[in-house]
$ cat entry26.csv   # CSV, C-alpha atoms
chain,number,residue,atom,x,y,z
A,1,MET,CA,46.9,-25.0,-21.6
A,2,GLN,CA,46.8,-21.9,-23.8
A,3,LYS,CA,47.9,-18.6,-22.2
A,4,ILE,CA,45.3,-16.1,-23.2
A,5,SER,CA,46.1,-12.4,-23.0
A,6,PRO,CA,43.4,-10.5,-21.1
A,7,ALA,CA,44.5,-7.2,-22.7
A,8,ARG,CA,44.2,-8.7,-26.2
A,9,LEU,CA,40.8,-10.2,-25.4
A,10,PHE,CA,39.5,-6.8,-24.1
A,11,TYR,CA,40.9,-4.9,-27.1
A,12,ALA,CA,39.4,-7.5,-29.5
A,13,ALA,CA,35.9,-6.9,-27.9
A,14,LEU,CA,36.3,-3.1,-28.2
A,15,ILE,CA,37.4,-3.4,-31.8
A,16,LEU,CA,34.5,-5.6,-32.7
A,17,TRP,CA,32.1,-3.2,-31.0
A,18,ALA,CA,33.5,-0.4,-33.0
A,19,ALA,CA,33.2,-2.4,-36.2
A,20,LEU,CA,29.6,-3.2,-35.6
A,21,LEU,CA,28.9,0.5,-34.9
A,22,LEU,CA,30.6,1.5,-38.1
A,23,ILE,CA,28.8,-1.2,-40.2
A,24,SER,CA,25.4,-0.7,-38.7
A,25,LEU,CA,25.3,3.1,-38.4
A,26,GLY,CA,27.8,4.3,-41.0
A,27,LEU,CA,27.3,1.8,-43.8
A,28,GLY,CA,23.6,1.5,-42.9
A,29,ALA,CA,23.2,5.2,-43.4
A,30,VAL,CA,24.6,4.9,-46.9
A,31,ILE,CA,22.3,2.0,-47.7
A,32,TYR,CA,19.2,3.8,-46.4
A,33,SER,CA,20.1,6.9,-48.4
A,34,ILE,CA,20.1,5.1,-51.7
A,35,THR,CA,17.1,2.8,-51.0
A,36,GLY,CA,14.6,3.1,-53.8
A,37,ASP,CA,17.0,4.7,-56.2
A,38,VAL,CA,16.6,2.7,-59.4
A,39,LEU,CA,19.9,4.1,-60.8
A,40,LYS,CA,21.8,2.8,-57.7
A,41,GLU,CA,20.0,-0.5,-57.3
A,42,GLY,CA,23.1,-2.5,-58.1
A,43,LEU,CA,25.2,-0.5,-55.6
A,44,TYR,CA,22.4,-1.0,-53.0
A,45,LYS,CA,22.5,-4.8,-53.4
A,46,VAL,CA,26.3,-4.9,-53.2
A,47,LEU,CA,26.4,-2.7,-50.0
A,48,ASP,CA,23.6,-4.7,-48.4
A,49,PHE,CA,25.4,-7.9,-49.1
A,50,VAL,CA,28.7,-6.6,-47.7
A,51,SER,CA,27.0,-5.2,-44.7
A,52,SER,CA,25.3,-8.5,-43.8
A,53,VAL,CA,28.5,-10.5,-44.3
A,54,LEU,CA,30.6,-8.1,-42.2
A,55,SER,CA,27.9,-7.9,-39.5
A,56,LEU,CA,27.7,-11.7,-39.2
A,57,ALA,CA,31.5,-12.1,-39.1
A,58,ALA,CA,31.7,-9.5,-36.3
A,59,PHE,CA,29.0,-11.2,-34.4
A,60,PHE,CA,30.7,-14.6,-34.7
A,61,ALA,CA,34.0,-13.1,-33.6
A,62,LEU,CA,32.2,-11.4,-30.7
A,63,THR,CA,30.7,-14.7,-29.6
A,64,ALA,CA,34.1,-16.3,-29.6
A,65,VAL,CA,35.5,-13.5,-27.4
A,66,LEU,CA,32.7,-14.0,-24.9
A,67,GLY,CA,33.3,-17.8,-25.0
A,68,ILE,CA,37.0,-17.4,-24.4
A,69,SER,CA,36.5,-15.0,-21.6
A,70,ARG,CA,34.0,-17.2,-19.8
A,71,TYR,CA,35.9,-20.4,-20.5
A,72,TYR,CA,39.2,-19.1,-19.0
A,73,ASP,CA,37.4,-16.8,-16.5
A,74,LEU,CA,39.2,-13.7,-17.7
A,75,ILE,CA,37.8,-10.2,-17.0
A,76,THR,CA,34.3,-11.7,-17.5
A,77,GLU,CA,32.4,-8.6,-16.3
A,78,LYS,CA,34.1,-6.2,-18.7
A,79,ILE,CA,33.9,-8.6,-21.7
A,80,THR,CA,30.3,-9.4,-21.0
A,81,ALA,CA,29.4,-5.7,-20.8
A,82,VAL,CA,31.1,-4.9,-24.0
A,83,CYS,CA,29.5,-7.9,-25.8
A,84,ILE,CA,26.0,-6.9,-24.7
A,85,ALA,CA,26.6,-3.3,-25.8
A,86,ALA,CA,27.9,-4.6,-29.1
A,87,ALA,CA,24.9,-6.9,-29.6
A,88,LEU,CA,22.5,-4.0,-29.0
A,89,THR,CA,24.4,-1.7,-31.3
A,90,PRO,CA,22.8,-2.9,-34.6
A,91,GLN,CA,19.3,-2.7,-33.2
A,92,ILE,CA,19.9,0.8,-31.8
A,93,SER,CA,21.5,1.9,-35.1
A,94,SER,CA,18.6,0.5,-37.2
A,95,THR,CA,16.1,2.2,-34.9
A,96,ILE,CA,17.9,5.6,-35.4
A,97,LEU,CA,18.1,5.1,-39.2
A,98,VAL,CA,14.5,4.1,-39.6
A,99,ALA,CA,13.4,7.1,-37.5
A,100,VAL,CA,15.4,9.4,-39.8
A,101,TYR,CA,14.7,7.9,-43.2
A,102,GLN,CA,11.2,6.4,-42.9
A,103,THR,CA,8.6,9.2,-43.0
A,104,ASP,CA,5.9,7.0,-41.5
A,105,PHE,CA,8.0,5.9,-38.5
A,106,ALA,CA,5.8,7.8,-36.0
A,107,GLU,CA,2.6,6.2,-37.4
A,108,ARG,CA,4.0,2.7,-37.5
A,109,ILE,CA,6.4,2.8,-34.6
A,110,GLY,CA,5.2,-0.4,-33.1
A,111,TYR,CA,5.7,-2.4,-36.3
A,112,TYR,CA,9.2,-1.0,-36.9
A,113,LEU,CA,10.3,-1.6,-33.3
A,114,ILE,CA,9.0,-5.2,-33.3
A,115,SER,CA,10.7,-6.0,-36.6
A,116,ILE,CA,14.0,-4.4,-35.6
A,117,TRP,CA,14.3,-5.7,-32.0
A,118,ALA,CA,13.0,-9.2,-32.6
A,119,GLU,CA,16.6,-10.2,-33.7
A,120,ILE,CA,17.9,-9.4,-30.2
A,121,VAL,CA,16.2,-12.5,-28.9
A,122,PHE,CA,18.3,-14.5,-31.4
A,123,ALA,CA,21.5,-13.0,-30.1
A,124,ALA,CA,20.5,-13.4,-26.5
A,125,LEU,CA,19.9,-17.1,-26.9
A,126,ILE,CA,23.3,-17.6,-28.4
A,127,PHE,CA,25.1,-15.6,-25.7
A,128,VAL,CA,23.3,-17.5,-23.0
A,129,THR,CA,24.3,-20.8,-24.7
A,130,VAL,CA,27.9,-19.6,-24.8
A,131,VAL,CA,28.0,-18.7,-21.1
A,132,ILE,CA,26.4,-22.0,-20.0
A,133,ALA,CA,28.6,-24.1,-22.4
A,134,ALA,CA,31.8,-22.3,-21.1
A,135,GLN,CA,30.9,-23.4,-17.5
A,136,LEU,CA,30.0,-27.0,-18.4
A,137,LEU,CA,32.8,-27.6,-20.8
A,138,ARG,CA,35.6,-26.0,-18.8
A,139,GLY,CA,38.8,-28.1,-19.1
A,140,ARG,CA,37.5,-29.9,-22.2
A,141,GLY,CA,38.7,-27.4,-24.8
A,142,VAL,CA,37.4,-24.0,-25.7
A,143,ARG,CA,36.6,-25.1,-29.2
A,144,LYS,CA,33.7,-27.2,-27.9
A,145,VAL,CA,32.2,-23.9,-26.6
A,146,PHE,CA,32.4,-22.6,-30.2
A,147,ILE,CA,30.7,-25.8,-31.5
A,148,ALA,CA,27.9,-25.3,-29.0
A,149,ALA,CA,27.5,-21.6,-30.1
A,150,MET,CA,27.5,-22.5,-33.7
A,151,GLY,CA,25.1,-25.4,-33.1
A,152,ILE,CA,22.5,-23.2,-31.5
A,153,TRP,CA,23.0,-20.5,-34.2
A,154,LEU,CA,22.4,-23.2,-36.9
A,155,LEU,CA,19.4,-24.5,-35.1
A,156,LEU,CA,17.8,-21.1,-34.9
A,157,SER,CA,18.6,-20.2,-38.5
A,158,LEU,CA,17.2,-23.4,-39.9
A,159,SER,CA,14.1,-22.9,-37.8
A,160,GLN,CA,13.6,-19.5,-39.3
A,161,GLU,CA,14.1,-20.9,-42.8
A,162,LEU,CA,11.6,-23.7,-42.1
A,163,ILE,CA,8.9,-21.2,-41.0
A,164,THR,CA,9.6,-19.1,-44.1
A,165,THR,CA,9.4,-22.2,-46.3
A,166,VAL,CA,6.1,-23.3,-44.8
A,167,GLU,CA,4.6,-19.8,-45.3
A,168,PHE,CA,5.9,-19.7,-48.9
A,169,LEU,CA,4.5,-23.1,-49.8
A,170,TYR,CA,1.2,-22.3,-48.2
A,171,GLU,CA,0.9,-19.2,-50.5
A,172,ILE,CA,2.5,-20.8,-53.6
A,173,LYS,CA,0.9,-24.3,-54.2
A,174,ASP,CA,3.0,-25.1,-57.3
A,175,PRO,CA,6.5,-23.6,-57.0
A,176,THR,CA,8.8,-23.4,-60.1
A,177,VAL,CA,12.1,-25.2,-60.4
A,178,GLY,CA,13.9,-21.9,-59.7
A,179,GLU,CA,11.9,-21.4,-56.5
A,180,ILE,CA,12.6,-25.0,-55.3
A,181,ILE,CA,16.4,-24.4,-55.9
A,182,SER,CA,16.2,-21.2,-53.9
A,183,ILE,CA,14.5,-23.0,-51.1
A,184,ILE,CA,17.2,-25.7,-51.0
A,185,THR,CA,19.9,-23.1,-51.2
A,186,SER,CA,18.5,-21.3,-48.2
A,187,TYR,CA,19.1,-24.4,-46.1
A,188,ILE,CA,22.7,-24.9,-47.4
A,189,LEU,CA,23.9,-21.4,-46.8
A,190,PRO,CA,23.4,-21.5,-43.0
A,191,VAL,CA,25.6,-24.6,-42.8
A,192,ILE,CA,28.3,-22.9,-44.8
A,193,LYS,CA,28.1,-19.8,-42.6
A,194,VAL,CA,28.3,-21.8,-39.4
A,195,PHE,CA,31.4,-23.6,-40.6
A,196,LEU,CA,33.1,-20.3,-41.4
A,197,GLY,CA,32.0,-19.0,-38.1
A,198,TYR,CA,33.7,-21.9,-36.3
A,199,VAL,CA,36.9,-21.2,-38.3
A,200,LEU,CA,36.7,-17.6,-37.4
A,201,SER,CA,36.2,-18.4,-33.7
A,202,CYS,CA,39.4,-20.5,-33.8
A,203,ALA,CA,41.3,-17.7,-35.5
A,204,VAL,CA,40.2,-15.3,-32.7
A,205,THR,CA,41.6,-17.7,-30.2
A,206,GLU,CA,45.0,-17.7,-31.9
A,207,LEU,CA,45.0,-13.9,-32.0
A,208,VAL,CA,44.4,-13.5,-28.3
A,209,THR,CA,46.9,-16.3,-27.3
A,210,GLU,CA,50.3,-15.2,-26.1
A,211,LYS,CA,53.1,-17.0,-27.8
A,212,GLU,CA,55.6,-18.5,-25.4
A,213,GLN,CA,59.2,-17.5,-26.2
A,214,VAL,CA,61.5,-20.4,-26.4
A,215,SER,CA,64.8,-19.7,-24.6
A,216,SER,CA,67.9,-20.5,-26.5
A,217,PRO,CA,70.3,-23.0,-24.8
A,218,VAL,CA,73.3,-21.6,-23.0
A,219,GLN,CA,76.3,-21.7,-25.2
A,220,PRO,CA,79.7,-22.3,-23.7
A,221,GLU,CA,82.0,-19.3,-23.6
A,222,PRO,CA,84.8,-19.5,-26.2
A,223,PRO,CA,88.3,-19.8,-24.8
A,224,ASN,CA,90.3,-16.6,-24.4
A,225,LEU,CA,93.2,-16.9,-26.9
A,226,ASN,CA,95.0,-13.9,-25.5
A,227,GLN,CA,95.4,-15.4,-22.1
A,228,SER,CA,98.7,-17.1,-21.6
A,229,PRO,CA,98.5,-20.7,-20.5
A,230,THR,CA,99.2,-21.4,-16.8
A,231,PRO,CA,102.5,-23.1,-16.4
A,232,ALA,CA,102.4,-26.6,-15.0
A,233,LYS,CA,103.7,-27.2,-11.5
A,234,ASN,CA,106.6,-29.5,-11.0
A,235,PRO,CA,105.6,-32.6,-9.2
A,236,LYS,CA,107.1,-33.2,-5.8
A,237,ARG,CA,109.9,-35.8,-5.6
$ encode --input "entry26.csv" --output "structure tokens"
Amino acid sequence: MQKISPARLFYAALILWAALLLISLGLGAVIYSITGDVLKEGLYKVLDFVSSVLSLAAFFALTAVLGISRYYDLITEKITAVCIAAALTPQISSTILVAVYQTDFAERIGYYLISIWAEIVFAALIFVTVVIAAQLLRGRGVRKVFIAAMGIWLLLSLSQELITTVEFLYEIKDPTVGEIISIITSYILPVIKVFLGYVLSCAVTELVTEKEQVSSPVQPEPPNLNQSPTPAKNPKR
């Protein structure tokens, strides 16, 4: 059985929370500030891609932290609270940024809030899956909890892609070859992401695992060469 460090686990949750805050609010503010600028369109695409990749990696790692905490029953209340706060951080940050940068936010507040906060249902379903899987799979290996989490994430992602594909094909009756390739790629990418998410989850487990120190065998003390040998006693006659 692996010996998980509660301190490392808690610090990992805090670091991931801080990372999500920095990505969603800090990097998000930069992205919003250059939105619509034709001269910075290339920079916008790069930053938007980096932001999405880092956010997804942080979310996967956060899911792993929650799964480890529940599986080993370590400071579950604190970890769960931090994970929930971290999951809400991107939505809160996006709401703030839209309110600041979108001039029609007050007029279309319902539309913006629904589009922003709809993703929280996605995260909630994954977190609930992790908690249930950790209870049912306890003693069978924490990696099976990661598989369950990645499985529900893949299922939800493919469902979203399927809905998008149906809507697209309904509007475009005769898609081009490039559009067909784009549709196929949209189903391959979630599989690649979920595999990398599983690898990242296993890496998080290694980071929060305490390495047991192997004690060196006791070496015999060397003889004292300075000590004079004890004279042998004469045997009795």
$ closest_residue --input "entry26.csv" --among "A:Val142, A:Tyr101, A:Trp17, A:Thr80" --to "A:Gly36" --atoms "only C-alpha atoms"
A:Tyr101
$ residues_around --input "entry26.csv" --residues "stretch 184-199 of chain A" --least-positions-apart "3" --cutoff "9 Å" --atoms "all atoms listed in the file" --output "MDAnalysis selection string"
chainID A and resid 56:57 60:61 64 143 146:147 149:151 153:154 157:158 161:162 179:181 202:204
$ atom_distance --input "entry26.csv" --atom1 "atom CA of A:Tyr112" --atom2 "atom CA of A:Leu14"
28.5 Å
$ atom_distance --input "entry26.csv" --atom1 "atom CA of A:Leu156" --atom2 "atom CA of A:Phe59"
15.0 Å
$ residues_near_point --input "entry26.csv" --point "(19.7, 6.1, -44.4)" --cutoff "12 Å" --atoms "all atoms listed in the file" --output "list in words"
Ser24, Leu25, Gly26, Leu27, Gly28, Ala29, Val30, Ile31, Tyr32, Ser33, Ile34, Thr35, Gly36, Tyr44, Ser93, Ser94, Thr95, Ile96, Leu97, Val98, Ala99, Val100, Tyr101, Gln102 and Thr103 of chain A
$ closest_residue --input "entry26.csv" --among "A:Gly42, A:Gly110, A:Gly67, A:Pro6" --to "A:Ile126" --atoms "only C-alpha atoms"
A:Gly67
$ atom_distance --input "entry26.csv" --atom1 "atom CA of A:Ser51" --atom2 "atom CA of A:Ala87"
15.3 Å
$ closest_residue --input "entry26.csv" --among "A:Leu47, A:Val53, A:Leu88, A:Ala148" --to "A:Ala118" --atoms "all atoms listed in the file"
A:Leu88
$ closest_residue --input "entry26.csv" --among "A:Val38, A:Ile152, A:Leu22, A:Ile109" --to "A:Ala123" --atoms "all atoms listed in the file"
A:Ile152
